[in-house]
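Asker: I'm passing along entry_3.cif; it holds mmCIF, C-alpha atoms.
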data_my_file
#
loop_
_atom_site.group_PDB
_atom_site.id
_atom_site.type_symbol
_atom_site.label_atom_id
_atom_site.label_comp_id
_atom_site.auth_asym_id
_atom_site.auth_seq_id
_atom_site.Cartn_x
_atom_site.Cartn_y
_atom_site.Cartn_z
ATOM 1 C CA MET C 1 36.341 18.920 -121.126
ATOM 2 C CA MET C 2 36.886 17.594 -117.615
ATOM 3 C CA LEU C 3 38.845 14.457 -116.955
ATOM 4 C CA TYR C 4 37.960 12.157 -114.026
ATOM 5 C CA VAL C 5 40.584 9.783 -112.769
ATOM 6 C CA LYS C 6 39.591 6.875 -110.522
ATOM 7 C CA MET C 7 42.382 5.631 -108.291
ATOM 8 C CA VAL C 8 42.150 2.260 -106.521
ATOM 9 C CA TYR C 9 44.466 1.293 -103.687
ATOM 10 C CA GLN C 10 44.494 -2.229 -102.278
ATOM 11 C CA TRP C 11 46.401 -3.666 -99.331
ATOM 12 C CA ALA C 12 48.583 -6.608 -100.048
ATOM 13 C CA ARG C 13 47.868 -9.624 -97.847
ATOM 14 C CA PRO C 14 49.973 -9.279 -94.669
ATOM 15 C CA LYS C 15 52.711 -11.868 -94.384
ATOM 16 C CA ASN C 16 53.308 -11.697 -90.571
ATOM 17 C CA LEU C 17 51.503 -10.885 -87.270
ATOM 18 C CA LEU C 18 52.745 -7.330 -87.260
ATOM 19 C CA GLY C 19 51.291 -6.870 -90.697
ATOM 20 C CA VAL C 20 47.938 -8.347 -89.588
ATOM 21 C CA ALA C 21 47.744 -5.993 -86.625
ATOM 22 C CA LEU C 22 48.590 -2.987 -88.753
ATOM 23 C CA TRP C 23 45.962 -4.026 -91.298
ATOM 24 C CA LEU C 24 43.257 -4.308 -88.596
ATOM 25 C CA VAL C 25 44.088 -0.920 -87.103
ATOM 26 C CA THR C 26 43.973 0.860 -90.439
ATOM 27 C CA SER C 27 41.024 -1.021 -91.942
ATOM 28 C CA LEU C 28 38.426 -1.266 -89.094
ATOM 29 C CA PRO C 29 36.410 1.639 -87.614
ATOM 30 C CA LEU C 30 37.434 3.101 -84.290
ATOM 31 C CA PHE C 31 36.517 0.818 -81.343
ATOM 32 C CA ALA C 32 33.447 1.953 -79.305
ATOM 33 C CA ALA C 33 32.004 0.619 -76.026
ATOM 34 C CA VAL C 34 29.862 1.673 -73.040
ATOM 35 C CA ASP C 35 30.268 0.416 -69.503
ATOM 36 C CA ILE C 36 28.176 0.892 -66.356
ATOM 37 C CA VAL C 37 30.598 1.355 -63.477
ATOM 38 C CA GLU C 38 28.328 0.079 -60.684
ATOM 39 C CA THR C 39 26.781 -3.379 -60.443
ATOM 40 C CA SER C 40 23.502 -2.223 -58.849
ATOM 41 C CA SER C 41 21.346 0.765 -57.972
ATOM 42 C CA THR C 42 19.538 0.511 -54.627
ATOM 43 C CA GLY C 43 16.850 2.248 -52.602
ATOM 44 C CA SER C 44 13.973 1.771 -50.184
ATOM 45 C CA GLY C 45 10.620 3.345 -49.417
ATOM 46 C CA GLY C 46 7.027 2.786 -48.446
ATOM 47 C CA GLN C 47 4.003 2.119 -50.603
ATOM 48 C CA GLY C 48 2.738 5.213 -52.387
ATOM 49 C CA SER C 49 6.161 6.908 -52.337
ATOM 50 C CA LEU C 50 8.610 8.031 -55.017
ATOM 51 C CA VAL C 51 12.059 6.614 -54.254
ATOM 52 C CA THR C 52 15.230 8.264 -55.530
ATOM 53 C CA MET C 53 17.563 5.346 -56.144
ATOM 54 C CA SER C 54 21.342 5.482 -55.868
ATOM 55 C CA GLU C 55 22.916 6.971 -58.986
ATOM 56 C CA PHE C 56 25.025 5.017 -61.447
ATOM 57 C CA HIS C 57 27.540 6.048 -64.097
ATOM 58 C CA VAL C 58 27.794 5.191 -67.791
ATOM 59 C CA THR C 59 31.291 5.552 -69.272
ATOM 60 C CA ASN C 60 32.334 5.518 -72.903
ATOM 61 C CA THR C 61 35.349 3.213 -72.731
ATOM 62 C CA GLY C 62 35.902 3.202 -76.489
ATOM 63 C CA ALA C 63 37.796 5.474 -78.819
ATOM 64 C CA SER C 64 34.834 6.952 -80.702
ATOM 65 C CA THR C 65 31.774 8.965 -79.706
ATOM 66 C CA VAL C 66 28.532 7.108 -78.974
ATOM 67 C CA HIS C 67 25.096 8.617 -79.561
ATOM 68 C CA GLN C 68 21.543 8.601 -78.193
ATOM 69 C CA ILE C 69 22.175 6.905 -74.855
ATOM 70 C CA SER C 70 18.855 5.607 -73.472
ATOM 71 C CA PHE C 71 17.580 3.161 -70.864
ATOM 72 C CA SER C 72 15.201 0.207 -70.958
ATOM 73 C CA VAL C 73 13.749 -1.860 -68.094
ATOM 74 C CA ASP C 74 13.936 -5.590 -68.777
ATOM 75 C CA GLY C 75 10.538 -6.694 -67.482
ATOM 76 C CA PHE C 76 8.977 -6.385 -64.044
ATOM 77 C CA LEU C 77 10.750 -5.879 -60.747
ATOM 78 C CA SER C 78 9.954 -9.020 -58.774
ATOM 79 C CA ASP C 79 10.252 -10.236 -55.191
ATOM 80 C CA GLY C 80 10.410 -13.876 -56.281
ATOM 81 C CA LEU C 81 7.116 -14.623 -54.490
ATOM 82 C CA GLY C 82 4.717 -13.657 -57.229
ATOM 83 C CA HIS C 83 4.551 -9.927 -56.466
ATOM 84 C CA ALA C 84 5.859 -7.384 -58.968
ATOM 85 C CA ILE C 85 6.312 -3.683 -59.727
ATOM 86 C CA ALA C 86 5.550 -2.695 -63.331
ATOM 87 C CA PRO C 87 8.461 -1.254 -65.370
ATOM 88 C CA SER C 88 6.397 1.861 -66.133
ATOM 89 C CA ASN C 89 7.003 2.951 -62.521
ATOM 90 C CA LEU C 90 10.770 3.327 -63.102
ATOM 91 C CA SER C 91 12.192 6.462 -64.743
ATOM 92 C CA PHE C 92 15.658 7.921 -65.288
ATOM 93 C CA SER C 93 17.254 11.358 -65.132
ATOM 94 C CA PRO C 94 18.347 12.051 -67.787
ATOM 95 C CA SER C 95 16.017 9.769 -69.743
ATOM 96 C CA ILE C 96 18.101 10.131 -72.943
ATOM 97 C CA TRP C 97 21.499 11.689 -73.723
ATOM 98 C CA ASP C 98 22.546 12.928 -77.127
ATOM 99 C CA SER C 99 26.194 11.810 -77.240
ATOM 100 C CA LEU C 100 29.099 10.718 -75.106
ATOM 101 C CA ILE C 101 32.678 11.233 -76.261
ATOM 102 C CA SER C 102 35.492 8.821 -75.556
ATOM 103 C CA ASN C 103 36.363 8.424 -71.836
ATOM 104 C CA ASP C 104 33.485 10.668 -70.800
ATOM 105 C CA THR C 105 31.020 9.599 -68.074
ATOM 106 C CA LEU C 106 27.271 10.205 -67.722
ATOM 107 C CA THR C 107 25.658 10.249 -64.242
ATOM 108 C CA VAL C 108 22.174 8.704 -64.131
ATOM 109 C CA THR C 109 19.633 8.840 -61.274
ATOM 110 C CA PRO C 110 16.750 6.321 -61.338
ATOM 111 C CA GLU C 111 13.439 7.116 -59.652
ATOM 112 C CA LEU C 112 10.933 4.412 -58.718
ATOM 113 C CA PHE C 113 7.302 4.973 -57.773
ATOM 114 C CA ILE C 114 6.011 2.260 -55.418
ATOM 115 C CA PRO C 115 2.252 1.869 -55.953
ATOM 116 C CA MET C 116 -0.122 1.558 -53.014
ATOM 117 C CA GLY C 117 -0.751 -2.073 -52.169
ATOM 118 C CA THR C 118 2.733 -3.236 -53.182
ATOM 119 C CA TYR C 119 3.523 -6.183 -50.928
ATOM 120 C CA ALA C 120 6.383 -5.477 -48.530
ATOM 121 C CA GLY C 121 9.732 -7.066 -49.367
ATOM 122 C CA SER C 122 12.810 -6.888 -51.595
ATOM 123 C CA TYR C 123 12.362 -6.431 -55.350
ATOM 124 C CA SER C 124 14.929 -6.578 -58.113
ATOM 125 C CA GLY C 125 15.115 -6.251 -61.877
ATOM 126 C CA TRP C 126 17.488 -5.265 -64.670
ATOM 127 C CA VAL C 127 18.004 -2.038 -66.602
ATOM 128 C CA ARG C 128 19.817 -1.923 -69.930
ATOM 129 C CA VAL C 129 21.687 1.105 -71.293
ATOM 130 C CA MET C 130 21.621 1.296 -75.092
ATOM 131 C CA THR C 131 23.127 3.497 -77.805
ATOM 132 C CA LEU C 132 22.434 4.260 -81.455
ATOM 133 C CA GLU C 133 25.456 2.095 -82.284
ATOM 134 C CA SER C 134 23.719 -0.965 -80.736
ATOM 135 C CA LEU C 135 26.059 -0.991 -77.761
ATOM 136 C CA SER C 136 24.659 -1.966 -74.374
ATOM 137 C CA ASP C 137 25.378 -2.825 -70.760
ATOM 138 C CA SER C 138 23.124 -3.766 -67.810
ATOM 139 C CA ILE C 139 22.719 -2.913 -64.131
ATOM 140 C CA GLN C 140 20.527 -4.483 -61.457
ATOM 141 C CA ILE C 141 17.861 -2.396 -59.703
ATOM 142 C CA GLN C 142 17.202 -3.381 -56.079
ATOM 143 C CA VAL C 143 14.511 -1.797 -53.889
ATOM 144 C CA VAL C 144 13.164 -2.659 -50.451
ATOM 145 C CA VAL C 145 9.458 -1.887 -49.976
ATOM 146 C CA ASP C 146 8.890 -0.999 -46.321
ATOM 147 C CA SER C 147 6.180 -2.743 -44.309
ATOM 148 C CA ALA C 148 2.961 -1.007 -43.287
ATOM 149 C CA TYR C 149 0.300 -2.668 -41.134
ATOM 150 C CA ASP C 150 -3.439 -2.339 -40.773
ATOM 151 C CA MET C 151 -6.278 -4.492 -39.520
ATOM 152 C CA ASP C 152 -9.979 -3.673 -39.538
ATOM 153 C CA ILE C 153 -13.072 -5.026 -37.826
ATOM 154 C CA PRO C 154 -15.709 -3.860 -40.323
ATOM 155 C CA ASP C 155 -18.951 -2.230 -39.294
ATOM 156 C CA ASN C 156 -22.146 -3.743 -40.673
ATOM 157 C CA MET C 157 -20.601 -7.165 -41.234
ATOM 158 C CA GLY C 158 -21.641 -10.141 -39.150
ATOM 159 C CA ASP C 159 -23.393 -8.881 -36.039
ATOM 160 C CA VAL C 160 -21.375 -5.684 -35.637
ATOM 161 C CA VAL C 161 -23.421 -2.592 -36.492
ATOM 162 C CA GLY C 162 -22.148 0.905 -35.799
ATOM 163 C CA ASN C 163 -19.088 -0.702 -34.158
ATOM 164 C CA GLU C 164 -21.330 -2.399 -31.594
ATOM 165 C CA MET C 165 -22.425 -6.004 -31.124
ATOM 166 C CA HIS C 166 -25.650 -6.429 -29.155
ATOM 167 C CA LEU C 167 -26.342 -9.743 -27.404
ATOM 168 C CA GLY C 168 -28.860 -10.670 -24.752
ATOM 169 C CA GLY C 169 -30.353 -13.360 -22.560
ATOM 170 C CA LEU C 170 -31.556 -14.350 -19.126
ATOM 171 C CA PRO C 171 -29.199 -14.960 -16.197
ATOM 172 C CA GLY C 172 -27.590 -18.383 -16.673
ATOM 173 C CA ALA C 173 -28.169 -18.342 -20.463
ATOM 174 C CA SER C 174 -25.779 -17.755 -23.377
ATOM 175 C CA ASP C 175 -25.873 -15.757 -26.573
ATOM 176 C CA SER C 176 -23.385 -15.392 -29.427
ATOM 177 C CA GLY C 177 -22.593 -13.200 -32.430
ATOM 178 C CA ARG C 178 -20.215 -12.958 -35.370
ATOM 179 C CA PHE C 179 -17.601 -10.433 -36.450
ATOM 180 C CA TRP C 180 -14.912 -10.221 -39.141
ATOM 181 C CA VAL C 181 -11.215 -9.326 -38.978
ATOM 182 C CA VAL C 182 -9.698 -8.120 -42.257
ATOM 183 C CA ASN C 183 -6.135 -7.389 -43.398
ATOM 184 C CA PRO C 184 -7.023 -4.980 -46.240
ATOM 185 C CA SER C 185 -4.992 -4.935 -49.456
ATOM 186 C CA SER C 186 -6.922 -2.219 -51.304
ATOM 187 C CA GLU C 187 -9.040 0.848 -50.649
ATOM 188 C CA ALA C 188 -12.162 -1.216 -51.351
ATOM 189 C CA GLU C 189 -11.272 -3.482 -48.413
ATOM 190 C CA ASN C 190 -10.218 -0.626 -46.130
ATOM 191 C CA TYR C 191 -13.083 -0.166 -43.680
ATOM 192 C CA ASP C 192 -11.404 2.459 -41.489
ATOM 193 C CA PRO C 193 -10.170 5.932 -42.504
ATOM 194 C CA ASP C 194 -6.507 5.025 -41.858
ATOM 195 C CA PRO C 195 -4.309 3.841 -44.777
ATOM 196 C CA TYR C 196 -4.364 0.122 -45.513
ATOM 197 C CA GLY C 197 -1.215 -1.954 -45.061
ATOM 198 C CA ASN C 198 0.920 -4.151 -47.307
ATOM 199 C CA ALA C 199 2.134 -7.029 -45.117
ATOM 200 C CA ASP C 200 0.997 -10.158 -43.301
ATOM 201 C CA LEU C 201 -0.091 -9.867 -39.655
ATOM 202 C CA TRP C 202 1.086 -12.365 -37.080
ATOM 203 C CA ASP C 203 0.594 -13.298 -33.423
ATOM 204 C CA LEU C 204 -2.990 -12.065 -33.367
ATOM 205 C CA SER C 205 -4.462 -11.956 -29.876
ATOM 206 C CA VAL C 206 -7.806 -11.068 -28.274
ATOM 207 C CA TRP C 207 -8.449 -8.933 -25.220
ATOM 208 C CA VAL C 208 -11.882 -8.570 -23.584
ATOM 209 C CA SER C 209 -12.855 -6.108 -20.881
ATOM 210 C CA GLU C 210 -15.366 -6.798 -18.149
ATOM 211 C CA LEU C 211 -18.913 -5.771 -18.993
ATOM 212 C CA VAL C 212 -20.069 -2.971 -16.747
ATOM 213 C CA GLY C 213 -23.734 -2.495 -15.807
ATOM 214 C CA GLN C 214 -25.544 -0.025 -13.603
ATOM 215 C CA THR C 215 -25.359 -2.134 -10.458
ATOM 216 C CA ASP C 216 -22.783 -4.889 -11.120
ATOM 217 C CA THR C 217 -20.510 -6.363 -13.794
ATOM 218 C CA ILE C 218 -20.150 -9.455 -15.953
ATOM 219 C CA PRO C 219 -16.537 -10.683 -15.705
ATOM 220 C CA ALA C 220 -14.345 -10.875 -18.803
ATOM 221 C CA SER C 221 -14.047 -14.632 -18.218
ATOM 222 C CA ALA C 222 -17.730 -14.949 -19.158
ATOM 223 C CA VAL C 223 -16.925 -13.728 -22.689
ATOM 224 C CA VAL C 224 -15.412 -16.325 -25.040
ATOM 225 C CA VAL C 225 -13.923 -15.202 -28.378
ATOM 226 C CA SER C 226 -13.065 -17.850 -30.994
ATOM 227 C CA GLY C 227 -12.149 -18.086 -34.680
ATOM 228 C CA VAL C 228 -9.422 -15.416 -34.684
ATOM 229 C CA PRO C 229 -6.354 -16.892 -36.453
ATOM 230 C CA GLY C 230 -2.784 -16.543 -35.247
ATOM 231 C CA VAL C 231 -1.705 -15.186 -38.659
ATOM 232 C CA LEU C 232 -3.779 -13.055 -41.015
ATOM 233 C CA MET C 233 -2.310 -12.976 -44.511
ATOM 234 C CA TYR C 234 -2.264 -9.818 -46.611
ATOM 235 C CA GLY C 235 -5.692 -9.355 -48.215
ATOM 236 C CA GLU C 236 -7.291 -12.031 -46.049
ATOM 237 C CA GLY C 237 -10.430 -11.867 -43.900
ATOM 238 C CA LYS C 238 -11.579 -14.291 -41.201
ATOM 239 C CA ARG C 239 -14.786 -14.660 -39.207
ATOM 240 C CA GLY C 240 -14.716 -14.699 -35.421
ATOM 241 C CA TRP C 241 -17.316 -15.525 -32.800
ATOM 242 C CA VAL C 242 -18.227 -13.990 -29.458
ATOM 243 C CA ARG C 243 -20.178 -15.984 -26.888
ATOM 244 C CA VAL C 244 -21.393 -14.488 -23.613
ATOM 245 C CA ASP C 245 -22.319 -16.837 -20.774
ATOM 246 C CA VAL C 246 -24.426 -14.652 -18.510
ATOM 247 C CA PRO C 247 -23.716 -15.723 -14.901
ATOM 248 C CA SER C 248 -26.635 -16.849 -12.777
ATOM 249 C CA GLY C 249 -27.764 -14.143 -10.418
ATOM 250 C CA THR C 250 -26.809 -11.301 -12.764
ATOM 251 C CA HIS C 251 -29.157 -8.369 -12.315
ATOM 252 C CA TYR C 252 -31.334 -7.324 -15.194
ATOM 253 C CA GLY C 253 -29.927 -4.435 -17.173
ATOM 254 C CA VAL C 254 -27.521 -3.390 -19.917
ATOM 255 C CA TYR C 255 -23.827 -4.283 -19.669
ATOM 256 C CA GLU C 256 -21.147 -2.731 -21.875
ATOM 257 C CA GLY C 257 -17.532 -3.614 -22.586
ATOM 258 C CA ARG C 258 -14.948 -3.855 -25.378
ATOM 259 C CA VAL C 259 -13.369 -6.551 -27.521
ATOM 260 C CA ARG C 260 -9.947 -5.832 -29.046
ATOM 261 C CA VAL C 261 -8.083 -7.890 -31.640
ATOM 262 C CA SER C 262 -4.381 -6.997 -31.799
ATOM 263 C CA TYR C 263 -1.333 -8.079 -33.811
ATOM 264 C CA ALA C 264 2.366 -8.138 -32.925
ATOM 265 C CA ASN C 265 3.796 -6.365 -36.011
ATOM 266 C CA GLY C 266 5.299 -2.922 -35.687
ATOM 267 C CA ALA C 267 6.245 -0.824 -32.708
ATOM 268 C CA ASP C 268 2.722 -0.185 -31.353
ATOM 269 C CA PRO C 269 1.812 -2.877 -28.797
ATOM 270 C CA ASN C 270 -1.858 -1.891 -29.038
ATOM 271 C CA ALA C 271 -2.103 -2.068 -32.829
ATOM 272 C CA GLY C 272 -5.394 -3.557 -33.932
ATOM 273 C CA ASP C 273 -9.075 -2.703 -33.824
ATOM 274 C CA ILE C 274 -11.939 -2.842 -31.311
ATOM 275 C CA PHE C 275 -15.697 -3.063 -31.172
ATOM 276 C CA TYR C 276 -18.099 -2.539 -28.281
ATOM 277 C CA LEU C 277 -20.006 -5.449 -26.778
ATOM 278 C CA VAL C 278 -23.429 -4.605 -25.338
ATOM 279 C CA VAL C 279 -25.283 -7.348 -23.458
ATOM 280 C CA HIS C 280 -28.923 -6.970 -22.494
ATOM 281 C CA VAL C 281 -29.784 -9.148 -19.489
ATOM 282 C CA GLY C 282 -33.500 -9.629 -18.798
ATOM 283 C CA SER C 283 -36.710 -11.346 -19.861
ATOM 284 C CA VAL C 284 -37.994 -11.134 -23.412
ATOM 285 C CA GLU C 285 -41.029 -8.925 -23.387
ATOM 286 C CA SER C 286 -44.131 -9.970 -25.320
ATOM 287 C CA ILE C 287 -47.661 -8.759 -25.795
ATOM 288 C CA ALA C 288 -50.569 -11.226 -25.876
ATOM 289 C CA LEU C 289 -53.806 -10.163 -27.566
ATOM 290 C CA LEU C 290 -56.855 -11.934 -26.086
ATOM 291 C CA ASN C 291 -60.454 -12.297 -27.300
ATOM 292 C CA LEU C 292 -59.794 -10.914 -30.771
ATOM 293 C CA PRO C 293 -63.054 -9.925 -32.497
ATOM 294 C CA THR C 294 -64.169 -11.044 -35.927
ATOM 295 C CA ILE C 295 -64.963 -8.093 -38.192
ATOM 296 C CA ASN C 296 -66.684 -8.511 -41.536
ATOM 297 C CA VAL C 297 -66.497 -5.642 -44.028
ATOM 298 C CA VAL C 298 -67.267 -5.194 -47.715
ATOM 299 C CA PRO C 299 -64.790 -3.574 -50.156
ATOM 300 C CA GLY C 300 -64.795 0.166 -49.617
ATOM 301 C CA GLY C 301 -66.529 -0.222 -46.228
ATOM 302 C CA SER C 302 -65.259 -0.127 -42.631
ATOM 303 C CA GLY C 303 -65.799 -1.990 -39.398
ATOM 304 C CA SER C 304 -64.780 -1.909 -35.739
ATOM 305 C CA GLY C 305 -64.302 -4.190 -32.779
ATOM 306 C CA SER C 306 -62.488 -4.467 -29.449
ATOM 307 C CA PHE C 307 -59.917 -6.775 -27.858
ATOM 308 C CA ASP C 308 -58.402 -7.394 -24.412
#
Let me see the file written as structure tokens.
Answerer:
Amino acid sequence: MMLYVKMVYQWARPKNLLGVALWLVTSLPLFAAVDIVETSSTGSGGQGSLVTMSEFHVTNTGASTVHQISFSVDGFLSDGLGHAIAPSNLSFSPSIWDSLISNDTLTVTPELFIPMGTYAGSYSGWVRVMTLESLSDSIQIQVVVDSAYDMDIPDNMGDVVGNEMHLGGLPGASDSGRFWVVNPSSEAENYDPDPYGNADLWDLSVWVSELVGQTDTIPASAVVVSGVPGVLMYGEGKRGWVRVDVPSGTHYGVYEGRVRVSYANGADPNAGDIFYLVVHVGSVESIALLNLPTINVVPGGSGSGSFD
């Protein structure tokens, strides 16, 4: 026969502060805590790029081992203006860590993918480190999305076809046509083969060349461009107008020149887009048919006649 003996030991209530402290030390589990050393992780990059952010360090400042260290993004990264980067675009290396002993430190490198079309500016959000023991700490993520610029004058919109606008009239007359300027914010709005931008365009300006014909020219001052705004917001399109006042005495013929719309952003002073302006100066030709005959035919039959 086996004899089991159950022994019960119970602390007496401490009678002084030293006794309370000793009771806490011997009765509670070992203290555990995690701490992120840095206050933020930063980086910068352009749209469509993968940015390696500055690394941060997670330290176990407690006396016991912590387990299953992982990371969670608290919502979207925002620029405070209504634009955001989804948390699914942020990842971590390592993404999870099995355990971290007391006073040990884990180095973490965040990576952020910046989608195409992300509006240029400064974005921030928060990342939380968590453990199996329900311990946590947070760090701010800060990224600067670099500016990229693009502006298109679309073909086949308004009166621009094949990158040309054709106008015409007699000497001393005027003619006008329409065109569009677009600051594209997606591939669907990108009318040229170059990449679309992600920022507002400012200080838009218009330059017009003289129109050159076979025998003489129409001066640039005879071409009036209106409707082009000073600022073109990201994703915005505006309609412009071209009016040509053909000077009296201009010889009949075809006159060709260029219209350029530029913006002041970036390092390229000629950034923008152009279209060609073709002006046909001359009379409008017509054909008059005189003395038309009357021809009577029955179904399935035929008839003939003549005219002058």
Asker: In the coordinates of the file, take the point (11.8, -9.1, -47.0) and a cut-off of 10 Å; then, counting all atoms listed in the file, name each qualifying protein, DNA or RNA residue as number ranges by chain.
Answerer: C: 79, 119-123, 144-147
Asker: Emit the selected residues as a short mmCIF file (atom, residue, chain, number, x, y, z; two decimals), in the frame of the given file, including C-alpha atoms.
Answerer:
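Listing of part.cif after writing:
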data_model
loop_
_atom_site.label_atom_id
_atom_site.label_comp_id
_atom_site.auth_asym_id
_atom_site.auth_seq_id
_atom_site.Cartn_x
_atom_site.Cartn_y
_atom_site.Cartn_z
CA ASP C 79 10.25 -10.24 -55.19
CA TYR C 119 3.52 -6.18 -50.93
CA ALA C 120 6.38 -5.48 -48.53
CA GLY C 121 9.73 -7.07 -49.37
CA SER C 122 12.81 -6.89 -51.60
CA TYR C 123 12.36 -6.43 -55.35
CA VAL C 144 13.16 -2.66 -50.45
CA VAL C 145 9.46 -1.89 -49.98
CA ASP C 146 8.89 -1.00 -46.32
CA SER C 147 6.18 -2.74 -44.31
#
Asker: Leu100 (chain C): which residues within 9 Å, counting all atoms listed in the file, same-chain residues fewer than 6 positions away excluded, as a PyMOL selection string?
Answerer: chain C and resi 59-60+64-69+106
Asker: Contacts of region 209-224 of chain C at 10 Å or less, counting all atoms listed in the file, minus same-chain residues fewer than 3 places along, as an MDAnalysis selection string?
Answerer: chainID C and resid 174:176 206 241:247 250:260 276:281
Asker: Name the residues that the PyMOL selection byres ((chain C and resi 195-202) around 12) picks from the file above, as a PyMOL selection string, using the file's chain letters and numbers.
Answerer: chain C and resi 46-48+83+114-121+145-152+181-194+203-205+228-237+261-266+271-272
Asker: Given only C-alpha atoms as the basis, pick out the residue of C:Val127, C:Val160, C:Ile153, C:Ile85 nearest to Ile274 (chain C).
Answerer: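 Residue with the minimum atom-to-atom distance to Ile274 (chain C): C:Ile153.
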Asker: I'd like the residues picked by the PyMOL selection byres ((chain C and resi 36) around 6) written out as a list in words, using the chain letters and numbers from the file.
Answerer: Asp35, Val37, Glu38, His57 and Val58 of chain C
Asker: Quick one: residues within 9 Å of Leu112 (chain C), all atoms listed in the file counted, chain neighbours fewer than 3 positions away excluded, as a list in words?
Answerer: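 Contacts, in chain order: Gly43, Ser49, Leu50, Val51, Thr52, Met53, Asn89, Leu90, Ser91, Phe92 and Val143 of chain C.
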Asker: Enumerate, as a list in words, the residues matched when the PyMOL selection byres ((chain C and resi 170) around 8) is run on the file above.
Answerer: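 In the shown coordinates, the PyMOL selection byres ((chain C and resi 170) around 8) covers Gly168, Gly169, Pro171, Gly172, Ala173, Ser174, Val246, Val281, Gly282 and Ser283 of chain C.
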Asker: Within 10 Å of Thr131 (chain C), counting all atoms listed in the file, which residues qualify if same-chain residues fewer than 2 places away don't, as a PyMOL selection string?
Answerer: chain C and resi 33-34+66-71+96-100+129+133-137
Asker: Given the selection you just returned, output its residues as a file containing C-alpha atoms, formatted as a short mmCIF file (atom, residue, chain, number, x, y, z; two decimals), keeping the file's coordinate frame.
Answerer:
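See part26.cif below for the written result:
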data_model
loop_
_atom_site.label_atom_id
_atom_site.label_comp_id
_atom_site.auth_asym_id
_atom_site.auth_seq_id
_atom_site.Cartn_x
_atom_site.Cartn_y
_atom_site.Cartn_z
CA ALA C 33 32.00 0.62 -76.03
CA VAL C 34 29.86 1.67 -73.04
CA VAL C 66 28.53 7.11 -78.97
CA HIS C 67 25.10 8.62 -79.56
CA GLN C 68 21.54 8.60 -78.19
CA ILE C 69 22.18 6.90 -74.86
CA SER C 70 18.86 5.61 -73.47
CA PHE C 71 17.58 3.16 -70.86
CA ILE C 96 18.10 10.13 -72.94
CA TRP C 97 21.50 11.69 -73.72
CA ASP C 98 22.55 12.93 -77.13
CA SER C 99 26.19 11.81 -77.24
CA LEU C 100 29.10 10.72 -75.11
CA VAL C 129 21.69 1.10 -71.29
CA GLU C 133 25.46 2.10 -82.28
CA SER C 134 23.72 -0.96 -80.74
CA LEU C 135 26.06 -0.99 -77.76
CA SER C 136 24.66 -1.97 -74.37
CA ASP C 137 25.38 -2.82 -70.76
#
Asker: Under the rule that only C-alpha atoms are counted, which of C:Ser41, C:Ser226, C:Gln140, C:Ser248 is the nearest residue to Gly125 (chain C)?
Answerer: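 For Gly125 (chain C), the nearest of the candidates is C:Gln140.
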Asker: When you draw a straight line from CA of Gly162 (chain C) to CA of Lys238 (chain C), how long is it in Å?
Answerer: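 According to the coordinates, CA of Gly162 (chain C) and CA of Lys238 (chain C) are separated by 19.3 Å.
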Asker: Could you tell me which of C:Gly62, C:Arg239, C:Gly45, C:Gly82 comes closest to Met157 (chain C) if we count all atoms listed in the file?
Answerer: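 Answer, going by the shortest atom-to-atom distance: C:Arg239.
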